[in-house]
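Here the structure is laid out as structure tokens; the discussion comes afterwards.
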Amino acid sequence: MDQDNSELSRLQQEAQTRQTIMEAITRKFAAEDDGLQHALLAAKEAALPEIQISPVQGKFLQLLAVACSAQKILEIGSLGGYSGIWLARSLPAGGHFITLEINPTHAELVRNAFIHAGVSDRAEVRVGKALDLLPQLEHEAPFDLIFIDADKPPYPQYLEWALRLSRPGSIIVADNCIRGGKGFEDPQDEYSAGIVAYNNRVASDPRLISLALAMDDDYTDGFAISVVRQ
Ligand code: SAH
Ligand code: DHB
Ligand code: MG
């Protein structure tokens with residue numbers, strides 16, 4: 001019993017250490033300004049689910065966008081515009097960010113969030129089901145970075161579209177690819193099935209070099225990151 005207790009307190013200590021580290025990294029490298037905080041607050045007031053990416057994930061997306069000299073970025077799944085603000089801000093003058101959102105109420109919040117964050121000159125939200133909107137983007141391709149973060153069952157289809165709409169050197173990122181380990185197990189539901197199939201495809205597609213990284217607040221979920229080979 002004593003042994004159980006000390007094991008428990010050791011695990012709690014480790015979790016505490018991970019949290020302290022993540023907070024320190026966030027303060028040092030990924031502090032939110034008023035624009036990002038306003039987007040979060042507006043989404044909360046409108047009772048949207050709090051499922052946006054973390055600040056560290058936002059900064060990581062910016063870093064990837066700059067690494068591939070992104071001028072055109074596409075996002076699938078906007079919510080309240082939080083990840084969109086991070087992405088739009090990585091663009092140089094003349095760059096363009098498009099985000100796809102099925103829910104018109106979310107899209108309206110996103111428009112306001114983009115105005116408040118000062119990115120509405122380069123950031124645009126399109127309303128509709130992603131699989132209906134993606135074919136209309138072919139004449140605006142290639143996108144340098146594509147961030148997939150909408151409903152999970154069609155993730156493999158979103159990957160197909162990302163490959164069609166990208167170029168060699170483009171970066172494709174998908175959120176929620178770990179899900180506490182469910183991303184790598186035999187899927188028990190439609191949600192996991194989409195994620196597992198996505199991971200299997202990006203891990204084995206010869207057109208891509210890929211890695212999944214645990215990087216959310218408690219290191220149990222994160223992005224699958226792929227680069228389209230030259
Ligand atoms: N990227 C956001 C979080 C997105 S949450 C952020 O980190 O800030 C997922 C969003 O995808 C929700 O707003 C949901 O309405 C939207 N969505 C769900 N299914 C969709 C579909 N088929 N097409 C487009 N958007 C969809
Ligand atoms: C859910 C969706 C997300 O994109 C996310 O990051 C977390 C949770 C969800 O649908 O539950
Ligand atoms: Mg997500």
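Chains: A, B, ... in order of the structure tokens. Residues: from 1 per chain. Ligands: from 1, in order shown.
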Could you report the residues within 12 Å of ligand 2, using only C-alpha atoms and all ligand atoms, as a compact mmCIF listing (two decimals) with C-alpha atoms, in the first residue's frame?
# COMPACT_ATOMS: atom_id res chain seq x y z
CA LEU A 48 -17.97 26.77 -28.51
CA PRO A 49 -16.13 23.64 -27.36
CA GLU A 50 -12.62 24.44 -26.08
CA ILE A 51 -10.83 22.19 -28.52
CA GLN A 52 -8.46 24.64 -30.20
CA ILE A 53 -4.76 23.85 -30.47
CA SER A 54 -2.40 24.91 -27.67
CA GLN A 57 1.12 24.05 -31.29
CA GLU A 75 -6.87 25.05 -42.98
CA ILE A 76 -9.72 22.54 -42.73
CA GLY A 77 -11.77 23.23 -39.55
CA SER A 78 -11.68 26.81 -38.15
CA LEU A 79 -13.67 26.72 -34.84
CA GLY A 80 -13.21 30.28 -33.44
CA TYR A 82 -7.50 30.57 -32.91
CA SER A 83 -5.20 28.36 -35.02
CA PHE A 147 -3.56 22.08 -41.63
CA ILE A 148 -6.24 19.40 -41.18
CA ASP A 149 -8.35 19.78 -38.01
CA ALA A 150 -12.05 19.18 -38.84
CA ASP A 151 -14.20 16.05 -38.36
CA LYS A 152 -12.08 12.91 -38.02
CA PRO A 153 -13.76 10.16 -40.12
CA TYR A 155 -9.16 12.46 -42.47
CA ALA A 174 -3.10 16.95 -39.03
CA ASP A 175 -4.28 17.49 -35.44
CA ASN A 176 -5.45 14.81 -33.01
CA CYS A 177 -3.42 11.98 -34.52
CA ILE A 178 -2.37 10.46 -31.19
CA ARG A 179 -5.50 10.61 -29.01
CA GLY A 180 -3.96 8.95 -25.95
CA GLU A 190 -15.44 5.95 -36.70
CA TYR A 191 -13.46 8.78 -35.11
CA SER A 192 -10.45 6.57 -34.38
CA ILE A 195 -7.14 8.85 -37.46
CA MET A 215 2.80 17.94 -28.12
CA ASP A 216 -0.46 19.07 -26.58
CA ASP A 217 -0.74 20.27 -22.97
CA THR A 220 -1.21 12.64 -25.00
CA ASP A 221 -2.29 14.10 -28.33
CA GLY A 222 -0.58 15.95 -31.12
CA PHE A 223 0.11 16.50 -34.79
### Message
Which residues are close to stretch 201-213 of chain A, i.e. within 6 Å by only C-alpha atoms, leaving aside same-chain residues fewer than 2 positions away? Reply as a PyMOL selection string.
### Response
chain A and resi 198-199+215+222-229
Would you mind exporting the chosen residues as a PDB file, in the first residue's frame, restricted to C-alpha atoms?
ATOM      1  CA  TYR A 198      -4.529   8.680 -41.683  1.00  0.00           C
ATOM      2  CA  ASN A 199      -1.486   7.654 -39.631  1.00  0.00           C
ATOM      3  CA  MET A 215       2.803  17.938 -28.118  1.00  0.00           C
ATOM      4  CA  GLY A 222      -0.583  15.954 -31.120  1.00  0.00           C
ATOM      5  CA  PHE A 223       0.106  16.495 -34.788  1.00  0.00           C
ATOM      6  CA  ALA A 224       1.076  14.139 -37.563  1.00  0.00           C
ATOM      7  CA  ILE A 225       3.472  16.211 -39.693  1.00  0.00           C
ATOM      8  CA  SER A 226       4.324  15.322 -43.277  1.00  0.00           C
ATOM      9  CA  VAL A 227       6.523  16.947 -45.882  1.00  0.00           C
ATOM     10  CA  VAL A 228       5.781  16.294 -49.565  1.00  0.00           C
ATOM     11  CA  ARG A 229       9.033  14.923 -50.990  1.00  0.00           C
TER      12      ARG A 229
END
### Task
Tell me, as a list in words, which residues lie within 12 Å of stretch 20-25 of chain A, counting only C-alpha atoms; anything in the same chain fewer than 2 positions away does not count.
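Within the cut-off, the hits are Gln13, Glu14, Ala15, Gln16, Thr17, Arg18, Arg27, Lys28, Phe29, Ala30, Ala31, Ser54, Pro55, Val56, Gln57, Lys59, Phe60, Met215, Asp216, Asp217, Asp218 and Tyr219 of chain A.
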### Task
Pick out each residue of stretch 6-151 of chain A that DSSP on the backbone tags as helix (DSSP H, G or I); I need them as a ChimeraX atom specification.
/A:6-29,34-45,55-67,82-89,104-116,130-140
### Query
Pick from A:Gly35, A:Gly58, A:Gly169, A:Pro135: nearest to ligand 3, with only C-alpha atoms and all ligand atoms counted?
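Among A:Gly35, A:Gly58, A:Gly169, A:Pro135, it is A:Gly58 that comes nearest to ligand 3.
With distances restricted to only C-alpha atoms and all ligand atoms, A:Ile102 is the closest residue to ligand 1 from A:Leu61, A:Leu87, A:Cys68, A:Ile102.
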### Query
A:Leu109: which residues within 10 Å, counting only C-alpha atoms, same-chain residues fewer than 2 positions away excluded, as number ranges by chain?
A: 39, 42-43, 46, 78-81, 104-107, 111-115
### Message
Measuring between only C-alpha atoms, which one of A:Gln37, A:Gln188, A:Ala130, A:His139 shows the shortest distance to A:Arg164?
### Response
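Closest residue, counting only C-alpha atoms: A:His139.
Coordinates place atom CA of A:Pro156 at a distance of 27.0 Å from atom CA of A:Leu91.
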### Query
Taking into account only C-alpha atoms, which residue in the set A:Gln136, A:Gln12, A:Ser69, A:Ser90 is nearest to A:Ser170?
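Smallest distance to A:Ser170 is found for A:Ser69.
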### Message
Using DSSP assignments from the backbone, pull out every residue in stretch 191-223 of chain A that falls under strand (DSSP E) and give it to me as a list in words.
### Response
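Checking each residue of stretch 191-223 of chain A, the strand (DSSP E) ones are Leu208, Ile209, Ser210, Leu211, Ala212, Leu213, Ala214, Gly222 and Phe223 of chain A.
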Restricted to all heavy atoms, what would the selected residues look like written as a PDB file, in the first residue's frame?
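After the write, selection19.pdb holds the following:
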ATOM      1  N   LEU A 208       5.654  11.030 -49.114  1.00  0.00           N
ATOM      2  CA  LEU A 208       5.742  11.837 -47.891  1.00  0.00           C
ATOM      3  C   LEU A 208       6.851  11.347 -46.973  1.00  0.00           C
ATOM      4  O   LEU A 208       7.175  10.160 -46.942  1.00  0.00           O
ATOM      5  CB  LEU A 208       4.421  11.746 -47.117  1.00  0.00           C
ATOM      6  CG  LEU A 208       3.165  12.255 -47.827  1.00  0.00           C
ATOM      7  CD1 LEU A 208       1.924  11.883 -47.023  1.00  0.00           C
ATOM      8  CD2 LEU A 208       3.242  13.766 -48.026  1.00  0.00           C
ATOM      9  N   ILE A 209       7.390  12.276 -46.176  1.00  0.00           N
ATOM     10  CA  ILE A 209       8.176  11.895 -44.994  1.00  0.00           C
ATOM     11  C   ILE A 209       7.407  12.455 -43.799  1.00  0.00           C
ATOM     12  O   ILE A 209       7.027  13.628 -43.794  1.00  0.00           O
ATOM     13  CB  ILE A 209       9.641  12.386 -45.053  1.00  0.00           C
ATOM     14  CG1 ILE A 209      10.334  12.089 -43.718  1.00  0.00           C
ATOM     15  CG2 ILE A 209       9.786  13.841 -45.453  1.00  0.00           C
ATOM     16  CD1 ILE A 209      11.844  12.154 -43.794  1.00  0.00           C
ATOM     17  N   SER A 210       7.124  11.601 -42.808  1.00  0.00           N
ATOM     18  CA  SER A 210       6.140  11.952 -41.774  1.00  0.00           C
ATOM     19  C   SER A 210       6.586  11.560 -40.383  1.00  0.00           C
ATOM     20  O   SER A 210       7.372  10.629 -40.198  1.00  0.00           O
ATOM     21  CB  SER A 210       4.815  11.218 -42.057  1.00  0.00           C
ATOM     22  OG  SER A 210       4.332  11.527 -43.330  1.00  0.00           O
ATOM     23  N   LEU A 211       5.991  12.267 -39.413  1.00  0.00           N
ATOM     24  CA  LEU A 211       6.205  11.928 -38.002  1.00  0.00           C
ATOM     25  C   LEU A 211       5.026  12.423 -37.177  1.00  0.00           C
ATOM     26  O   LEU A 211       4.554  13.541 -37.392  1.00  0.00           O
ATOM     27  CB  LEU A 211       7.495  12.584 -37.494  1.00  0.00           C
ATOM     28  CG  LEU A 211       7.902  12.242 -36.062  1.00  0.00           C
ATOM     29  CD1 LEU A 211       8.254  10.758 -35.932  1.00  0.00           C
ATOM     30  CD2 LEU A 211       9.083  13.088 -35.620  1.00  0.00           C
ATOM     31  N   ALA A 212       4.563  11.593 -36.238  1.00  0.00           N
ATOM     32  CA  ALA A 212       3.567  12.051 -35.257  1.00  0.00           C
ATOM     33  C   ALA A 212       4.324  12.464 -34.001  1.00  0.00           C
ATOM     34  O   ALA A 212       5.271  11.789 -33.581  1.00  0.00           O
ATOM     35  CB  ALA A 212       2.569  10.938 -34.936  1.00  0.00           C
ATOM     36  N   LEU A 213       3.912  13.586 -33.420  1.00  0.00           N
ATOM     37  CA  LEU A 213       4.595  14.119 -32.232  1.00  0.00           C
ATOM     38  C   LEU A 213       3.580  14.440 -31.143  1.00  0.00           C
ATOM     39  O   LEU A 213       2.649  15.218 -31.381  1.00  0.00           O
ATOM     40  CB  LEU A 213       5.324  15.422 -32.581  1.00  0.00           C
ATOM     41  CG  LEU A 213       6.699  15.361 -33.222  1.00  0.00           C
ATOM     42  CD1 LEU A 213       7.199  16.772 -33.483  1.00  0.00           C
ATOM     43  CD2 LEU A 213       7.667  14.591 -32.340  1.00  0.00           C
ATOM     44  N   ALA A 214       3.762  13.881 -29.944  1.00  0.00           N
ATOM     45  CA  ALA A 214       2.903  14.217 -28.804  1.00  0.00           C
ATOM     46  C   ALA A 214       3.301  15.603 -28.323  1.00  0.00           C
ATOM     47  O   ALA A 214       4.431  15.799 -27.880  1.00  0.00           O
ATOM     48  CB  ALA A 214       3.073  13.183 -27.704  1.00  0.00           C
ATOM     49  N   GLY A 222      -1.507  15.107 -30.363  1.00  0.00           N
ATOM     50  CA  GLY A 222      -0.583  15.954 -31.120  1.00  0.00           C
ATOM     51  C   GLY A 222      -0.773  15.834 -32.611  1.00  0.00           C
ATOM     52  O   GLY A 222      -1.745  15.245 -33.084  1.00  0.00           O
ATOM     53  N   PHE A 223       0.166  16.427 -33.327  1.00  0.00           N
ATOM     54  CA  PHE A 223       0.106  16.495 -34.788  1.00  0.00           C
ATOM     55  C   PHE A 223       0.776  15.285 -35.438  1.00  0.00           C
ATOM     56  O   PHE A 223       1.766  14.767 -34.908  1.00  0.00           O
ATOM     57  CB  PHE A 223       0.902  17.714 -35.284  1.00  0.00           C
ATOM     58  CG  PHE A 223       0.328  19.056 -34.926  1.00  0.00           C
ATOM     59  CD1 PHE A 223       1.153  20.184 -34.971  1.00  0.00           C
ATOM     60  CD2 PHE A 223      -1.010  19.224 -34.591  1.00  0.00           C
ATOM     61  CE1 PHE A 223       0.654  21.447 -34.676  1.00  0.00           C
ATOM     62  CE2 PHE A 223      -1.509  20.494 -34.296  1.00  0.00           C
ATOM     63  CZ  PHE A 223      -0.674  21.604 -34.332  1.00  0.00           C
TER      64      PHE A 223
END
### Task
Grab the atom CA of A:Arg126 to atom CA of A:Glu101 distance for me, in Å with one decimal place.
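Taking atom CA of A:Arg126 and atom CA of A:Glu101, their separation equals 6.2 Å.
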Test item: residues at most 12 Å from A:Glu138, only C-alpha atoms, excluding those fewer than 3 positions along its chain, as a compact mmCIF listing (two decimals) with all heavy atoms, in the first residue's frame:
# COMPACT_ATOMS: atom_id res chain seq x y z
N LEU A 74 -3.73 26.67 -46.21
CA LEU A 74 -5.11 26.18 -46.16
C LEU A 74 -5.34 25.46 -44.83
O LEU A 74 -4.51 24.66 -44.41
CB LEU A 74 -5.36 25.21 -47.32
CG LEU A 74 -6.69 24.46 -47.32
CD1 LEU A 74 -7.87 25.42 -47.49
CD2 LEU A 74 -6.70 23.41 -48.43
N LEU A 133 -16.08 21.98 -50.51
CA LEU A 133 -15.30 23.19 -50.83
C LEU A 133 -13.94 22.86 -51.45
O LEU A 133 -13.41 23.64 -52.26
CB LEU A 133 -15.09 24.03 -49.56
CG LEU A 133 -16.36 24.57 -48.89
CD1 LEU A 133 -15.99 25.29 -47.58
CD2 LEU A 133 -17.09 25.54 -49.82
N LEU A 134 -13.35 21.73 -51.05
CA LEU A 134 -11.98 21.42 -51.49
C LEU A 134 -11.82 21.37 -53.01
O LEU A 134 -10.84 21.93 -53.54
CB LEU A 134 -11.50 20.11 -50.83
CG LEU A 134 -11.13 20.29 -49.35
CD1 LEU A 134 -11.10 18.93 -48.62
CD2 LEU A 134 -9.77 20.98 -49.19
N PRO A 135 -12.79 20.78 -53.75
CA PRO A 135 -12.62 20.75 -55.21
C PRO A 135 -12.57 22.14 -55.85
O PRO A 135 -11.95 22.33 -56.90
CB PRO A 135 -13.86 19.98 -55.70
CG PRO A 135 -14.32 19.20 -54.51
CD PRO A 135 -13.98 20.03 -53.32
N ALA A 141 -4.53 26.42 -55.91
CA ALA A 141 -3.38 25.62 -55.46
C ALA A 141 -2.14 26.01 -56.26
O ALA A 141 -2.27 26.66 -57.30
CB ALA A 141 -3.72 24.14 -55.64
N PRO A 142 -0.94 25.64 -55.82
CA PRO A 142 -0.68 24.81 -54.65
C PRO A 142 -0.61 25.62 -53.36
O PRO A 142 -0.20 26.78 -53.36
CB PRO A 142 0.71 24.23 -54.97
CG PRO A 142 1.39 25.28 -55.78
CD PRO A 142 0.30 25.93 -56.59
N PHE A 143 -1.00 24.97 -52.28
CA PHE A 143 -0.83 25.54 -50.94
C PHE A 143 0.50 25.02 -50.38
O PHE A 143 0.87 23.87 -50.58
CB PHE A 143 -2.00 25.15 -50.05
CG PHE A 143 -3.27 25.82 -50.47
CD1 PHE A 143 -4.10 25.23 -51.43
CD2 PHE A 143 -3.62 27.06 -49.98
CE1 PHE A 143 -5.26 25.86 -51.86
CE2 PHE A 143 -4.77 27.71 -50.41
CZ PHE A 143 -5.59 27.10 -51.35
N TRP A 161 -6.91 15.14 -50.66
CA TRP A 161 -7.04 16.50 -51.17
C TRP A 161 -5.79 17.32 -50.88
O TRP A 161 -5.35 18.10 -51.74
CB TRP A 161 -8.29 17.19 -50.59
CG TRP A 161 -9.49 16.82 -51.38
CD1 TRP A 161 -10.51 15.98 -51.03
CD2 TRP A 161 -9.80 17.28 -52.71
NE1 TRP A 161 -11.41 15.87 -52.05
CE2 TRP A 161 -11.00 16.66 -53.09
CE3 TRP A 161 -9.16 18.13 -53.62
CZ2 TRP A 161 -11.59 16.87 -54.34
CZ3 TRP A 161 -9.75 18.34 -54.87
CH2 TRP A 161 -10.95 17.72 -55.22
N ALA A 162 -5.23 17.14 -49.71
CA ALA A 162 -4.01 17.89 -49.37
C ALA A 162 -2.90 17.56 -50.37
O ALA A 162 -2.17 18.45 -50.82
CB ALA A 162 -3.57 17.56 -47.95
N LEU A 163 -2.80 16.29 -50.75
CA LEU A 163 -1.77 15.91 -51.73
C LEU A 163 -2.06 16.55 -53.09
O LEU A 163 -1.15 17.00 -53.77
CB LEU A 163 -1.68 14.38 -51.82
CG LEU A 163 -0.96 13.73 -50.64
CD1 LEU A 163 -1.26 12.24 -50.55
CD2 LEU A 163 0.55 13.95 -50.74
N ARG A 164 -3.33 16.58 -53.46
CA ARG A 164 -3.69 17.21 -54.75
C ARG A 164 -3.41 18.70 -54.77
O ARG A 164 -3.12 19.27 -55.81
CB ARG A 164 -5.20 17.05 -55.00
CG ARG A 164 -5.58 15.73 -55.57
CD ARG A 164 -7.07 15.71 -55.72
NE ARG A 164 -7.48 16.25 -57.01
CZ ARG A 164 -8.33 15.63 -57.79
NH1 ARG A 164 -8.83 14.47 -57.42
NH2 ARG A 164 -8.70 16.17 -58.92
N LEU A 165 -3.59 19.33 -53.61
CA LEU A 165 -3.52 20.80 -53.55
C LEU A 165 -2.15 21.30 -53.09
O LEU A 165 -2.00 22.47 -52.77
CB LEU A 165 -4.61 21.33 -52.60
CG LEU A 165 -6.06 21.04 -53.01
CD1 LEU A 165 -7.03 21.47 -51.91
CD2 LEU A 165 -6.41 21.73 -54.33
N SER A 166 -1.16 20.41 -53.04
CA SER A 166 0.16 20.81 -52.54
C SER A 166 1.21 20.71 -53.65
O SER A 166 0.90 20.39 -54.79
CB SER A 166 0.54 19.95 -51.34
OG SER A 166 0.53 18.59 -51.71
### Message
One number please: atom CA of A:Val196 to atom CA of A:Leu40, in Å, one decimal.
### Response
29.5 Å
